[in-house]
Amino acid sequence: MTRPVLLACVMLVLGSVAAEAATVRIVEDRGGRIGNYVRDYTALKHSDERVAIDGPCLSACTLILGFVPRERICVTRQARLGFHAAWNPGANGATTISDAGTRFLMDVYPGHVRSWLARKGGLSRQMVYLEGRELVAMYPRCR
């Protein structure tokens with residue numbers, strides 16, 4: 001093998017290893033505080049990393065759809081996105097819906113997700129799931 005061909009083979013292997021390492025995999029994310037996700041997803045947005053959703057991505061985790069460009073997101077058969085209104089902890093463990101937080105979520109989601117949510121009745125206390133055929137119609141399957 002000539003040196004240029006050998007070098008090209010090494011570059012190809014290293015490139016595929018680097019591409020593999022540059023994928024963030026969401027496997028089981030139950031959500032949490034919106035601010036933490038905004039911070040993490042803003043950094044991810046400005047990287048070249050791809051995102052593979054490979055399991056539950058619930059609550060604030062779904063903000064990934066608004067921060068990472070659609071062409072850098074893929075989904076597996078196990079992907080399941082769960083959406084609900086934002087809430088704040090209240091007195092005695094009760095929760096109250098946060099209108100400002102819910103508006104923020106809707107503002108961040110891309111148009112096709114907002115349209116889907118509108119068809120499902122919008123964001124409420126009840127979790128609504130995007131999965132299966134509906135999800136694959138919006139985002140490609142991971143290879």
# chains A, B, ... in the order shown; residues from 1 in each chain; ligands from 1
call {"tool": "residues_around", "arguments": {"residues": "Tyr129 in chain A", "least_positions_apart": "3", "cutoff": "8 Å", "atoms": "only C-alpha atoms", "output": "number ranges by chain"}}
result
A: 80-83
call {"tool": "write_last_selection", "arguments": {"atoms": "C-alpha atoms", "output": "PDB file, in the first residue's frame"}}
result
ATOM      1  CA  ARG A  80     -40.240   8.555  23.305  1.00  0.00           C
ATOM      2  CA  LEU A  81     -40.654  12.270  23.928  1.00  0.00           C
ATOM      3  CA  GLY A  82     -42.992  13.422  26.686  1.00  0.00           C
ATOM      4  CA  PHE A  83     -44.331  16.980  26.843  1.00  0.00           C
TER       5      PHE A  83
END
call {"tool": "residues_around", "arguments": {"residues": "range 117-122 of chain A", "least_positions_apart": "4", "cutoff": "10 Å", "atoms": "only C-alpha atoms", "output": "list of chain:residue names"}}
result
A:Phe83, A:His84, A:Ala85, A:Thr102, A:Met106, A:Tyr109, A:Gly111, A:His112, A:Val113, A:Gln126, A:Val128, A:Tyr129, A:Leu130
call {"tool": "write_last_selection", "arguments": {"atoms": "C-alpha atoms", "output": "PDB file, in the first residue's frame"}}
result
ATOM      1  CA  PHE A  83     -44.331  16.980  26.843  1.00  0.00           C
ATOM      2  CA  HIS A  84     -46.240  18.806  29.585  1.00  0.00           C
ATOM      3  CA  ALA A  85     -46.733  22.332  30.865  1.00  0.00           C
ATOM      4  CA  THR A 102     -44.952  27.079  29.500  1.00  0.00           C
ATOM      5  CA  MET A 106     -43.587  26.737  23.315  1.00  0.00           C
ATOM      6  CA  TYR A 109     -39.944  24.309  20.271  1.00  0.00           C
ATOM      7  CA  GLY A 111     -42.836  25.094  14.471  1.00  0.00           C
ATOM      8  CA  HIS A 112     -43.548  21.471  13.515  1.00  0.00           C
ATOM      9  CA  VAL A 113     -43.479  20.462  17.198  1.00  0.00           C
ATOM     10  CA  GLN A 126     -51.121  15.724  31.394  1.00  0.00           C
ATOM     11  CA  VAL A 128     -48.480  13.842  25.888  1.00  0.00           C
ATOM     12  CA  TYR A 129     -46.098  11.531  24.021  1.00  0.00           C
ATOM     13  CA  LEU A 130     -44.482  11.831  20.607  1.00  0.00           C
TER      14      LEU A 130
END
call {"tool": "residues_around", "arguments": {"residues": "Ile97 in chain A", "least_positions_apart": "4", "cutoff": "12 Å", "atoms": "only C-alpha atoms", "output": "number ranges by chain"}}
result
A: 84-90, 101-103, 123-126
call {"tool": "write_last_selection", "arguments": {"atoms": "C-alpha atoms", "output": "mmCIF file, in the first residue's frame"}}
result
data_model
loop_
_atom_site.group_PDB
_atom_site.id
_atom_site.type_symbol
_atom_site.label_atom_id
_atom_site.label_comp_id
_atom_site.auth_asym_id
_atom_site.auth_seq_id
_atom_site.Cartn_x
_atom_site.Cartn_y
_atom_site.Cartn_z
ATOM 1 C CA HIS A 84 -46.240 18.806 29.585
ATOM 2 C CA ALA A 85 -46.733 22.332 30.865
ATOM 3 C CA ALA A 86 -43.999 23.871 33.007
ATOM 4 C CA TRP A 87 -44.702 23.949 36.714
ATOM 5 C CA ASN A 88 -43.346 25.305 39.964
ATOM 6 C CA PRO A 89 -43.342 23.574 43.326
ATOM 7 C CA GLY A 90 -45.980 25.043 45.573
ATOM 8 C CA GLY A 101 -42.384 28.696 31.766
ATOM 9 C CA THR A 102 -44.952 27.079 29.500
ATOM 10 C CA ARG A 103 -44.781 30.024 27.073
ATOM 11 C CA LEU A 123 -49.216 21.746 26.974
ATOM 12 C CA SER A 124 -51.091 20.847 30.144
ATOM 13 C CA ARG A 125 -50.551 18.909 33.371
ATOM 14 C CA GLN A 126 -51.121 15.724 31.394
#
call {"tool": "select_by_dssp", "arguments": {"residues": "chain A", "states": "strand (DSSP E)", "output": "list in words"}}
result
Thr23, Val24, Arg25, Ile26, Arg50, Val51, Ala52, Ile53, Pro56, Cys57, Leu58, Ile73, Cys74, Val75, Arg80, Leu81, Gly82, Phe83, Trp87, Asn88, Pro89, Thr95, Thr96, Ile97, Val128, Tyr129, Leu130 and Glu131 of chain A
call {"tool": "write_last_selection", "arguments": {"atoms": "C-alpha atoms", "output": "PDB file, in the first residue's frame"}}
result
ATOM      1  CA  THR A  23     -22.838  11.828  19.181  1.00  0.00           C
ATOM      2  CA  VAL A  24     -24.702  12.619  22.380  1.00  0.00           C
ATOM      3  CA  ARG A  25     -27.060   9.750  23.207  1.00  0.00           C
ATOM      4  CA  ILE A  26     -30.209  10.412  25.255  1.00  0.00           C
ATOM      5  CA  ARG A  50     -25.141  15.077  16.841  1.00  0.00           C
ATOM      6  CA  VAL A  51     -27.932  13.876  19.131  1.00  0.00           C
ATOM      7  CA  ALA A  52     -29.425  10.386  19.129  1.00  0.00           C
ATOM      8  CA  ILE A  53     -32.622  10.050  21.135  1.00  0.00           C
ATOM      9  CA  PRO A  56     -37.433   8.400  27.082  1.00  0.00           C
ATOM     10  CA  CYS A  57     -36.753  12.138  26.786  1.00  0.00           C
ATOM     11  CA  LEU A  58     -39.342  13.723  29.022  1.00  0.00           C
ATOM     12  CA  ILE A  73     -31.032  14.883  15.621  1.00  0.00           C
ATOM     13  CA  CYS A  74     -31.991  11.270  14.984  1.00  0.00           C
ATOM     14  CA  VAL A  75     -34.286   8.866  16.848  1.00  0.00           C
ATOM     15  CA  ARG A  80     -40.240   8.555  23.305  1.00  0.00           C
ATOM     16  CA  LEU A  81     -40.654  12.270  23.928  1.00  0.00           C
ATOM     17  CA  GLY A  82     -42.992  13.422  26.686  1.00  0.00           C
ATOM     18  CA  PHE A  83     -44.331  16.980  26.843  1.00  0.00           C
ATOM     19  CA  TRP A  87     -44.702  23.949  36.714  1.00  0.00           C
ATOM     20  CA  ASN A  88     -43.346  25.305  39.964  1.00  0.00           C
ATOM     21  CA  PRO A  89     -43.342  23.574  43.326  1.00  0.00           C
ATOM     22  CA  THR A  95     -47.477  22.136  42.043  1.00  0.00           C
ATOM     23  CA  THR A  96     -48.705  25.143  40.124  1.00  0.00           C
ATOM     24  CA  ILE A  97     -48.551  25.608  36.376  1.00  0.00           C
ATOM     25  CA  VAL A 128     -48.480  13.842  25.888  1.00  0.00           C
ATOM     26  CA  TYR A 129     -46.098  11.531  24.021  1.00  0.00           C
ATOM     27  CA  LEU A 130     -44.482  11.831  20.607  1.00  0.00           C
ATOM     28  CA  GLU A 131     -43.176   8.467  19.462  1.00  0.00           C
TER      29      GLU A 131
END
call {"tool": "residues_around", "arguments": {"residues": "Glu49 in chain A", "least_positions_apart": "3", "cutoff": "12 Å", "atoms": "only C-alpha atoms", "output": "list of chain:residue names"}}
result
A:Ala18, A:Ala19, A:Glu20, A:Ala21, A:Ala22, A:Thr23, A:Val24, A:Arg25, A:Tyr41, A:Thr42, A:Ala43, A:Leu44, A:Lys45, A:His46, A:Ala52, A:Val68, A:Pro69, A:Glu71, A:Arg72, A:Ile73, A:Cys74
call {"tool": "select_by_dssp", "arguments": {"residues": "range 33-103 of chain A", "states": "helix (DSSP H, G or I)", "output": "ChimeraX atom specification"}}
result
/A:34-45,59-67,70-72,91-93,99-103
call {"tool": "closest_residue", "arguments": {"among": "A:Ala100, A:Ala60, A:Ser47, A:Arg77", "to": "Pro140 in chain A", "atoms": "only C-alpha atoms"}}
result
A:Arg77
call {"tool": "atom_distance", "arguments": {"atom1": "CA of Ser115 in chain A", "atom2": "CA of Leu65 in chain A"}}
result
13.5 Å
call {"tool": "closest_residue", "arguments": {"among": "A:Arg133, A:Phe104, A:Asp54, A:Arg39", "to": "Val27 in chain A", "atoms": "only C-alpha atoms"}}
result
A:Asp54
call {"tool": "atom_distance", "arguments": {"atom1": "CA of Ala94 in chain A", "atom2": "CA of Glu28 in chain A"}}
result
25.4 Å
